[in-house]
$ cat protein-v1.pdb   # PDB, C-alpha atoms
ATOM      1  CA  PRO A   1      11.608  82.846  26.339
ATOM      2  CA  LYS A   2      13.021  79.990  24.310
ATOM      3  CA  LEU A   3      16.821  80.106  24.299
ATOM      4  CA  GLY A   4      17.774  77.482  21.777
ATOM      5  CA  LYS A   5      17.597  73.724  22.301
ATOM      6  CA  GLY A   6      18.618  71.769  25.351
ATOM      7  CA  ARG A   7      19.414  74.732  27.553
ATOM      8  CA  GLU A   8      18.857  74.381  31.268
ATOM      9  CA  VAL A   9      16.847  77.603  31.407
ATOM     10  CA  ASN A  10      14.273  76.114  28.989
ATOM     11  CA  THR A  11      13.884  73.058  31.200
ATOM     12  CA  LEU A  12      13.479  75.298  34.239
ATOM     13  CA  GLY A  13      10.925  77.467  32.449
ATOM     14  CA  THR A  14       8.864  74.425  31.484
ATOM     15  CA  ALA A  15       8.970  73.111  35.054
ATOM     16  CA  LEU A  16       7.840  76.464  36.445
ATOM     17  CA  ARG A  17       4.935  76.652  34.000
ATOM     18  CA  GLU A  18       3.825  73.140  34.922
ATOM     19  CA  MET A  19       4.111  73.911  38.636
ATOM     20  CA  ARG A  20       2.107  77.131  38.270
ATOM     21  CA  THR A  21      -0.636  75.324  36.311
ATOM     22  CA  ALA A  22      -0.828  72.563  38.931
ATOM     23  CA  LEU A  23      -1.033  75.011  41.836
ATOM     24  CA  GLU A  24      -3.628  77.180  40.103
ATOM     25  CA  GLY A  25      -5.688  74.089  39.341
ATOM     26  CA  ARG A  26      -5.534  73.027  42.988
ATOM     27  CA  ARG A  27      -6.707  76.420  44.216
ATOM     28  CA  TYR A  28      -9.427  76.371  41.580
ATOM     29  CA  VAL A  29     -10.749  73.007  42.752
ATOM     30  CA  GLU A  30     -10.561  74.037  46.412
ATOM     31  CA  GLN A  31     -12.441  77.262  45.697
ATOM     32  CA  TYR A  32     -15.268  75.496  43.899
ATOM     33  CA  THR A  33     -15.479  72.754  46.513
ATOM     34  CA  GLN A  34     -15.855  75.384  49.235
ATOM     35  CA  MET A  35     -18.518  77.269  47.260
ATOM     36  CA  LEU A  36     -20.446  74.113  46.468
ATOM     37  CA  THR A  37     -20.347  72.935  50.088
ATOM     38  CA  HIS A  38     -21.562  76.295  51.337
ATOM     39  CA  GLU A  39     -24.419  76.606  48.850
ATOM     40  CA  LEU A  40     -25.686  73.043  49.299
ATOM     41  CA  LYS A  41     -25.982  73.331  53.087
ATOM     42  CA  SER A  42     -29.303  75.164  52.947
ATOM     43  CA  PRO A  43     -31.202  72.888  50.506
ATOM     44  CA  LEU A  44     -29.811  69.719  52.095
ATOM     45  CA  ALA A  45     -30.857  70.909  55.548
ATOM     46  CA  ALA A  46     -34.360  71.616  54.218
ATOM     47  CA  ILE A  47     -34.559  68.157  52.608
ATOM     48  CA  SER A  48     -33.330  66.458  55.780
ATOM     49  CA  GLY A  49     -35.794  68.348  57.989
ATOM     50  CA  ALA A  50     -38.752  67.602  55.739
ATOM     51  CA  ALA A  51     -37.806  63.917  55.485
ATOM     52  CA  GLU A  52     -37.654  63.574  59.285
ATOM     53  CA  LEU A  53     -41.083  65.172  59.692
ATOM     54  CA  LEU A  54     -42.576  62.744  57.168
ATOM     55  CA  ASP A  55     -42.040  59.936  59.714
ATOM     56  CA  GLU A  56     -44.722  61.525  61.874
ATOM     57  CA  ASP A  57     -48.479  61.165  61.476
ATOM     58  CA  MET A  58     -49.919  64.240  59.774
ATOM     59  CA  PRO A  59     -52.773  65.296  57.483
ATOM     60  CA  VAL A  60     -52.427  64.482  53.778
ATOM     61  CA  GLU A  61     -52.190  68.149  52.781
ATOM     62  CA  GLN A  62     -49.357  68.789  55.209
ATOM     63  CA  ARG A  63     -47.519  65.684  54.024
ATOM     64  CA  ARG A  64     -47.875  66.854  50.421
ATOM     65  CA  LYS A  65     -46.405  70.208  51.446
ATOM     66  CA  PHE A  66     -43.265  68.564  52.850
ATOM     67  CA  LEU A  67     -42.922  66.342  49.774
ATOM     68  CA  ASP A  68     -43.132  69.415  47.541
ATOM     69  CA  ASN A  69     -40.429  71.018  49.661
ATOM     70  CA  ILE A  70     -38.142  68.005  49.158
ATOM     71  CA  ARG A  71     -38.717  68.053  45.389
ATOM     72  CA  ARG A  72     -38.122  71.803  45.170
ATOM     73  CA  GLU A  73     -34.890  71.723  47.173
ATOM     74  CA  SER A  74     -33.642  68.683  45.236
ATOM     75  CA  THR A  75     -34.193  70.564  41.989
ATOM     76  CA  ARG A  76     -32.426  73.596  43.421
ATOM     77  CA  SER A  77     -29.421  71.464  44.438
ATOM     78  CA  THR A  78     -29.230  69.962  40.959
ATOM     79  CA  LYS A  79     -29.307  73.435  39.368
ATOM     80  CA  ILE A  80     -26.501  74.626  41.641
ATOM     81  CA  ILE A  81     -24.308  71.642  40.760
ATOM     82  CA  ASP A  82     -25.044  71.871  37.025
ATOM     83  CA  GLY A  83     -24.461  75.624  37.064
ATOM     84  CA  LEU A  84     -21.109  75.272  38.797
ATOM     85  CA  LEU A  85     -19.980  72.572  36.380
ATOM     86  CA  LYS A  86     -20.812  74.738  33.370
ATOM     87  CA  LEU A  87     -19.203  77.776  34.953
ATOM     88  CA  SER A  88     -16.034  75.902  35.895
ATOM     89  CA  GLN A  89     -15.682  74.674  32.308
ATOM     90  CA  LEU A  90     -15.893  78.263  31.061
ATOM     91  CA  GLU A  91     -13.508  79.712  33.624
ATOM     92  CA  SER A  92     -10.905  77.053  32.882
ATOM     93  CA  GLN A  93     -10.663  78.351  29.306
ATOM     94  CA  SER A  94      -8.386  81.245  28.477
ATOM     95  CA  GLN A  95      -9.808  81.488  24.960
ATOM     96  CA  LEU A  96     -12.530  80.036  22.753
ATOM     97  CA  LEU A  97     -11.791  76.451  21.773
ATOM     98  CA  GLN A  98     -14.360  76.329  18.990
ATOM     99  CA  LYS A  99     -15.043  79.179  16.601
ATOM    100  CA  SER A 100     -17.396  79.443  13.670
ATOM    101  CA  SER A 101     -19.567  81.969  11.904
ATOM    102  CA  VAL A 102     -22.600  82.510  14.145
ATOM    103  CA  ASP A 103     -25.912  83.993  12.999
ATOM    104  CA  LEU A 104     -27.445  85.735  16.016
ATOM    105  CA  GLN A 105     -30.903  85.520  14.464
ATOM    106  CA  LYS A 106     -30.747  81.721  14.462
ATOM    107  CA  ILE A 107     -29.604  81.744  18.089
ATOM    108  CA  ILE A 108     -32.508  83.996  19.066
ATOM    109  CA  ILE A 109     -35.007  81.682  17.334
ATOM    110  CA  SER A 110     -33.529  78.563  18.941
ATOM    111  CA  ALA A 111     -33.414  80.045  22.462
ATOM    112  CA  SER A 112     -36.957  81.409  22.111
ATOM    113  CA  ASP A 113     -38.337  78.068  20.917
ATOM    114  CA  SER A 114     -36.783  76.219  23.859
ATOM    115  CA  LEU A 115     -38.566  78.551  26.296
ATOM    116  CA  LYS A 116     -42.002  78.592  24.639
ATOM    117  CA  PRO A 117     -43.623  76.429  27.356
ATOM    118  CA  ARG A 118     -42.537  78.883  30.086
ATOM    119  CA  LEU A 119     -43.572  81.873  28.003
ATOM    120  CA  ASN A 120     -46.979  80.351  27.322
ATOM    121  CA  THR A 121     -47.517  79.466  30.983
ATOM    122  CA  LYS A 122     -47.251  83.138  31.959
ATOM    123  CA  GLY A 123     -48.881  84.414  28.769
ATOM    124  CA  ILE A 124     -45.759  86.421  27.892
ATOM    125  CA  ASN A 125     -45.369  87.869  24.417
ATOM    126  CA  LEU A 126     -41.874  87.809  22.921
ATOM    127  CA  GLU A 127     -41.007  90.615  20.512
ATOM    128  CA  VAL A 128     -37.868  90.432  18.365
ATOM    129  CA  SER A 129     -36.465  93.483  16.624
ATOM    130  CA  SER A 130     -33.482  93.099  14.319
ATOM    131  CA  SER A 131     -32.464  95.769  11.856
ATOM    132  CA  ALA A 132     -30.052  93.693   9.800
ATOM    133  CA  ASP A 133     -28.278  90.380   9.390
ATOM    134  CA  HIS A 134     -25.920  89.995  12.363
ATOM    135  CA  THR A 135     -23.146  87.432  12.040
ATOM    136  CA  ILE A 136     -20.162  87.129  14.351
ATOM    137  CA  THR A 137     -17.297  84.733  14.942
ATOM    138  CA  GLY A 138     -17.731  82.734  18.121
ATOM    139  CA  ASP A 139     -19.120  79.667  19.870
ATOM    140  CA  ALA A 140     -22.787  79.207  18.927
ATOM    141  CA  MET A 141     -23.668  76.886  21.826
ATOM    142  CA  MET A 142     -22.167  79.222  24.439
ATOM    143  CA  LEU A 143     -23.961  82.241  23.012
ATOM    144  CA  GLU A 144     -27.295  80.440  22.834
ATOM    145  CA  THR A 145     -26.963  79.284  26.463
ATOM    146  CA  ALA A 146     -26.094  82.832  27.530
ATOM    147  CA  LEU A 147     -29.159  84.241  25.752
ATOM    148  CA  THR A 148     -31.333  81.501  27.254
ATOM    149  CA  ASN A 149     -30.136  82.490  30.733
ATOM    150  CA  LEU A 150     -31.053  86.134  30.083
ATOM    151  CA  LEU A 151     -34.484  85.138  28.797
ATOM    152  CA  GLU A 152     -35.085  82.888  31.821
ATOM    153  CA  ASN A 153     -34.304  85.842  34.095
ATOM    154  CA  ALA A 154     -36.653  88.067  32.112
ATOM    155  CA  ILE A 155     -39.452  85.486  32.345
ATOM    156  CA  GLN A 156     -38.940  85.132  36.084
ATOM    157  CA  PHE A 157     -39.287  88.860  36.711
ATOM    158  CA  SER A 158     -41.959  89.591  34.104
ATOM    159  CA  PRO A 159     -45.619  89.958  35.095
ATOM    160  CA  ASP A 160     -48.197  87.581  33.637
ATOM    161  CA  ASN A 161     -49.294  88.597  30.135
ATOM    162  CA  GLY A 162     -46.335  90.949  29.847
ATOM    163  CA  THR A 163     -43.873  91.469  26.997
ATOM    164  CA  ILE A 164     -40.178  90.643  26.664
ATOM    165  CA  SER A 165     -38.243  92.401  23.907
ATOM    166  CA  ILE A 166     -35.108  91.127  22.171
ATOM    167  CA  GLU A 167     -33.288  93.703  20.080
ATOM    168  CA  THR A 168     -30.111  93.530  18.015
ATOM    169  CA  SER A 169     -28.146  96.434  16.612
ATOM    170  CA  LYS A 170     -24.636  97.082  15.366
ATOM    171  CA  SER A 171     -21.923  99.653  15.081
ATOM    172  CA  ASP A 172     -18.805  99.619  12.920
ATOM    173  CA  SER A 173     -17.058  96.962  15.028
ATOM    174  CA  GLN A 174     -19.626  95.694  17.544
ATOM    175  CA  LEU A 175     -22.902  93.835  17.732
ATOM    176  CA  ILE A 176     -25.320  94.572  20.544
ATOM    177  CA  LEU A 177     -27.941  92.135  21.823
ATOM    178  CA  SER A 178     -30.377  93.308  24.486
ATOM    179  CA  VAL A 179     -33.212  91.660  26.425
ATOM    180  CA  THR A 180     -35.797  93.935  28.082
ATOM    181  CA  ASP A 181     -38.561  92.821  30.437
ATOM    182  CA  GLN A 182     -41.504  94.641  32.026
ATOM    183  CA  GLY A 183     -40.638  93.703  35.577
ATOM    184  CA  PRO A 184     -39.973  95.939  38.588
ATOM    185  CA  GLY A 185     -36.334  96.598  37.672
ATOM    186  CA  ILE A 186     -33.262  96.132  39.851
ATOM    187  CA  PRO A 187     -33.530  97.402  43.434
ATOM    188  CA  ASP A 188     -30.731  99.662  44.665
ATOM    189  CA  TYR A 189     -29.422  97.065  47.123
ATOM    190  CA  ALA A 190     -28.916  94.520  44.323
ATOM    191  CA  LYS A 191     -27.328  96.689  41.619
ATOM    192  CA  ASP A 192     -23.740  96.019  42.671
ATOM    193  CA  ARG A 193     -24.290  92.307  43.256
ATOM    194  CA  VAL A 194     -26.147  90.999  40.200
ATOM    195  CA  PHE A 195     -22.959  89.443  38.745
ATOM    196  CA  GLU A 196     -21.884  87.947  42.059
ATOM    197  CA  ARG A 197     -21.793  84.145  42.331
ATOM    198  CA  PHE A 198     -24.868  82.663  44.010
ATOM    199  CA  TYR A 199     -26.478  86.050  44.565
ATOM    200  CA  SER A 200     -30.151  85.871  43.697
ATOM    201  CA  HIS A 201     -33.135  87.958  44.639
ATOM    202  CA  HIS A 202     -36.820  88.103  43.834
ATOM    203  CA  PRO A 203     -39.017  91.211  44.130
ATOM    204  CA  ASP A 204     -41.381  89.555  46.614
ATOM    205  CA  ASN A 205     -38.484  87.987  48.575
ATOM    206  CA  ASN A 206     -39.945  84.543  47.931
ATOM    207  CA  GLU A 207     -37.154  82.034  48.591
ATOM    208  CA  ARG A 208     -38.976  79.425  46.507
ATOM    209  CA  ARG A 209     -38.723  81.561  43.390
ATOM    210  CA  LYS A 210     -35.069  82.494  43.647
ATOM    211  CA  GLY A 211     -32.664  81.091  41.084
ATOM    212  CA  SER A 212     -29.252  79.497  41.534
ATOM    213  CA  GLY A 213     -27.457  82.838  41.311
ATOM    214  CA  LEU A 214     -25.138  81.528  38.568
ATOM    215  CA  GLY A 215     -26.964  82.475  35.356
ATOM    216  CA  LEU A 216     -25.625  86.013  35.013
ATOM    217  CA  VAL A 217     -22.119  84.917  36.027
ATOM    218  CA  PHE A 218     -22.247  82.374  33.192
ATOM    219  CA  VAL A 219     -23.345  85.066  30.739
ATOM    220  CA  GLN A 220     -20.505  87.300  31.899
ATOM    221  CA  GLU A 221     -17.918  84.563  31.318
ATOM    222  CA  VAL A 222     -19.292  83.842  27.831
ATOM    223  CA  ALA A 223     -19.056  87.534  26.962
ATOM    224  CA  LYS A 224     -15.454  87.695  28.228
ATOM    225  CA  LEU A 225     -14.415  84.682  26.155
ATOM    226  CA  HIS A 226     -15.840  86.476  23.117
ATOM    227  CA  ASN A 227     -13.906  89.659  24.066
ATOM    228  CA  GLY A 228     -17.173  91.370  24.882
ATOM    229  CA  ASN A 229     -19.090  92.402  27.978
ATOM    230  CA  VAL A 230     -22.550  92.244  29.562
ATOM    231  CA  THR A 231     -24.476  94.812  31.594
ATOM    232  CA  LEU A 232     -27.739  94.742  33.520
ATOM    233  CA  GLU A 233     -29.421  98.072  34.132
ATOM    234  CA  ASN A 234     -32.807  99.567  34.840
ATOM    235  CA  GLY A 235     -34.700 100.773  31.806
ATOM    236  CA  SER A 236     -37.621 103.082  31.505
ATOM    237  CA  LYS A 237     -40.886 102.392  33.351
ATOM    238  CA  GLY A 238     -39.267 100.069  35.885
ATOM    239  CA  SER A 239     -37.971  97.458  33.453
ATOM    240  CA  ALA A 240     -34.591  95.714  33.452
ATOM    241  CA  VAL A 241     -32.355  95.662  30.377
ATOM    242  CA  ALA A 242     -29.620  93.046  29.921
ATOM    243  CA  THR A 243     -27.168  93.891  27.145
ATOM    244  CA  ILE A 244     -24.418  91.771  25.604
ATOM    245  CA  THR A 245     -21.921  93.697  23.503
ATOM    246  CA  LEU A 246     -19.703  91.588  21.195
ATOM    247  CA  PRO A 247     -17.036  92.384  18.635
ATOM    248  CA  LYS A 248     -17.911  91.181  15.152
ATOM    249  CA  SER A 249     -14.757  89.070  15.171
ATOM    250  CA  SER A 250     -13.711  87.423  18.462
TER
END
$ encode --input "protein-v1.pdb" --output "structure tokens"
Amino acid sequence: PKLGKGREVNTLGTALREMRTALEGRRYVEQYTQMLTHELKSPLAAISGAAELLDEDMPVEQRRKFLDNIRRESTRSTKIIDGLLKLSQLESQSQLLQKSSVDLQKIIISASDSLKPRLNTKGINLEVSSSADHTITGDAMMLETALTNLLENAIQFSPDNGTISIETSKSDSQLILSVTDQGPGIPDYAKDRVFERFYSHHPDNNERRKGSGLGLVFVQEVAKLHNGNVTLENGSKGSAVATITLPKSS
């Protein structure tokens, strides 16, 4: 507490706060460096192995296969780095730095439009159900990125020519935004790990189709900064339902 001006205890308090911030920042950087190093080992090893094999004589089809592997693992590495940078920026904030009135309907339209090429590729129909005008106080860019991450997950797990549903509803003090796919749902072994950093799974265990494992963690951090929460549960008929619950005023 402040105890007047020029008192030694105030100087000591300021020094302790600065020291704590510096030490926490150091641990934060060390933690992310360790995570990044660990997660990049696998794709870099795959790139290195494929590059070495390209020095050998081989059929054109086999060479193309190794080149595709290099491109895929390079893209995966980039996603991991970008995901960690975005996540670290969120986790370094104790509160929202930018607040404004946010229309969830506009965010839904913007996120949906950005993913139209992926939706069209799989022939997925996007249904939006909103019972009323839903406006909250928050960071529009963060919320749109969080919704985009949920939609990307839904597209990944949805069957071709399936349907993804976005629904908004409200109570006296909360707004609820849910994304439902028609995929196989969450297996029992993954239920307790879906919000774990770098954890990613795919129903056919295809390593090529796994994500970075950071999308849901990002969504969780956005919800926390808005004093809300996010859940991912199995719905009816084997679907998965991701739900963000937000207070009307954050």
$ resolve_selection --input "protein-v1.pdb" --expression "the PyMOL selection byres ((chain A and resi 87) around 10)" --output "PyMOL selection string"
chain A and resi 81-86+88-92+214-215+217-219+221-222
$ axis_aligned_box --input "protein-v1.pdb" --around "range 64-77 of chain A" --padding-each-side "5 Å" --output "lines of an AutoDock Vina configuration file"
center_x = -38.6
center_y = 70.0
center_z = 47.4
size_x = 28.5
size_y = 17.3
size_z = 20.9
$ resolve_selection --input "protein-v1.pdb" --expression "the PyMOL selection byres ((chain A and resi 225) around 12)" --output "JSON, numbers by chain"
{"A": [89, 90, 91, 92, 93, 94, 95, 96, 97, 98, 99, 137, 138, 139, 142, 143, 146, 218, 219, 220, 221, 222, 223, 224, 226, 227, 228, 229, 230, 246, 247, 249, 250]}
$ atom_distance --input "protein-v1.pdb" --atom1 "CA of Gly213 in chain A" --atom2 "CA of Phe195 in chain A"
8.4 Å
$ resolve_selection --input "protein-v1.pdb" --expression "the PyMOL selection byres ((chain A and resi 77) around 9)" --output "list of chain:residue names"
A:Glu39, A:Leu40, A:Pro43, A:Leu44, A:Arg72, A:Glu73, A:Ser74, A:Thr75, A:Arg76, A:Thr78, A:Lys79, A:Ile80, A:Ile81, A:Asp82, A:Ser212
$ closest_residue --input "protein-v1.pdb" --among "A:Leu53, A:Glu167, A:Ala45, A:Lys106" --to "Lys65 in chain A" --atoms "only C-alpha atoms"
A:Leu53
$ atom_distance --input "protein-v1.pdb" --atom1 "CA of Asn161 in chain A" --atom2 "CA of Asp188 in chain A"
26.0 Å
$ atom_distance --input "protein-v1.pdb" --atom1 "CA of Ser165 in chain A" --atom2 "CA of Asn120 in chain A"
15.3 Å
$ closest_residue --input "protein-v1.pdb" --among "A:Ile136, A:Ile186, A:Glu196, A:Ser110" --to "Thr245 in chain A" --atoms "only C-alpha atoms"
A:Ile136
$ closest_residue --input "protein-v1.pdb" --among "A:Leu104, A:Val194, A:Ile164, A:Ala111" --to "Thr145 in chain A" --atoms "only C-alpha atoms"
A:Ala111
$ closest_residue --input "protein-v1.pdb" --among "A:Ala50, A:Ile124, A:Ile244, A:Ile70" --to "Lys170 in chain A" --atoms "all atoms listed in the file"
A:Ile244
$ build_atoms --input "protein-v1.pdb" --residues "range 237-250 of chain A" --atoms "N, CA, C and O atoms" --output "mmCIF file, in the coordinates of the input"
data_model
loop_
_atom_site.group_PDB
_atom_site.id
_atom_site.type_symbol
_atom_site.label_atom_id
_atom_site.label_comp_id
_atom_site.auth_asym_id
_atom_site.auth_seq_id
_atom_site.Cartn_x
_atom_site.Cartn_y
_atom_site.Cartn_z
ATOM 1 N N LYS A 237 -39.646 102.968 32.818
ATOM 2 C CA LYS A 237 -40.886 102.392 33.351
ATOM 3 C C LYS A 237 -40.630 101.149 34.189
ATOM 4 O O LYS A 237 -41.405 100.186 34.183
ATOM 5 N N GLY A 238 -39.509 101.137 34.922
ATOM 6 C CA GLY A 238 -39.267 100.069 35.885
ATOM 7 C C GLY A 238 -38.789 98.749 35.320
ATOM 8 O O GLY A 238 -38.760 97.739 36.013
ATOM 9 N N SER A 239 -38.421 98.709 34.055
ATOM 10 C CA SER A 239 -37.971 97.458 33.453
ATOM 11 C C SER A 239 -36.484 97.231 33.716
ATOM 12 O O SER A 239 -35.779 98.109 34.198
ATOM 13 N N ALA A 240 -36.018 96.026 33.392
ATOM 14 C CA ALA A 240 -34.591 95.714 33.452
ATOM 15 C C ALA A 240 -34.106 95.393 32.046
ATOM 16 O O ALA A 240 -34.810 94.725 31.276
ATOM 17 N N VAL A 241 -32.913 95.867 31.717
ATOM 18 C CA VAL A 241 -32.355 95.662 30.377
ATOM 19 C C VAL A 241 -30.993 94.978 30.502
ATOM 20 O O VAL A 241 -30.067 95.515 31.093
ATOM 21 N N ALA A 242 -30.889 93.772 29.966
ATOM 22 C CA ALA A 242 -29.620 93.046 29.921
ATOM 23 C C ALA A 242 -29.034 93.196 28.528
ATOM 24 O O ALA A 242 -29.734 92.941 27.535
ATOM 25 N N THR A 243 -27.774 93.611 28.446
ATOM 26 C CA THR A 243 -27.168 93.891 27.145
ATOM 27 C C THR A 243 -25.827 93.191 27.014
ATOM 28 O O THR A 243 -24.948 93.337 27.861
ATOM 29 N N ILE A 244 -25.697 92.404 25.944
ATOM 30 C CA ILE A 244 -24.418 91.771 25.604
ATOM 31 C C ILE A 244 -23.825 92.518 24.414
ATOM 32 O O ILE A 244 -24.481 92.665 23.381
ATOM 33 N N THR A 245 -22.610 93.000 24.573
ATOM 34 C CA THR A 245 -21.921 93.697 23.503
ATOM 35 C C THR A 245 -20.747 92.819 23.034
ATOM 36 O O THR A 245 -19.901 92.424 23.843
ATOM 37 N N LEU A 246 -20.700 92.506 21.739
ATOM 38 C CA LEU A 246 -19.703 91.588 21.195
ATOM 39 C C LEU A 246 -18.997 92.202 19.994
ATOM 40 O O LEU A 246 -19.644 92.885 19.185
ATOM 41 N N PRO A 247 -17.702 91.960 19.871
ATOM 42 C CA PRO A 247 -17.036 92.384 18.635
ATOM 43 C C PRO A 247 -17.472 91.479 17.481
ATOM 44 O O PRO A 247 -17.822 90.309 17.709
ATOM 45 N N LYS A 248 -17.477 91.982 16.292
ATOM 46 C CA LYS A 248 -17.911 91.181 15.152
ATOM 47 C C LYS A 248 -16.985 90.006 14.921
ATOM 48 O O LYS A 248 -17.390 88.968 14.407
ATOM 49 N N SER A 249 -15.715 90.157 15.301
ATOM 50 C CA SER A 249 -14.757 89.070 15.171
ATOM 51 C C SER A 249 -14.076 88.877 16.513
ATOM 52 O O SER A 249 -13.414 89.767 17.003
ATOM 53 N N SER A 250 -14.273 87.692 17.141
ATOM 54 C CA SER A 250 -13.711 87.423 18.462
ATOM 55 C C SER A 250 -12.392 86.677 18.315
ATOM 56 O O SER A 250 -12.330 85.675 17.644
#
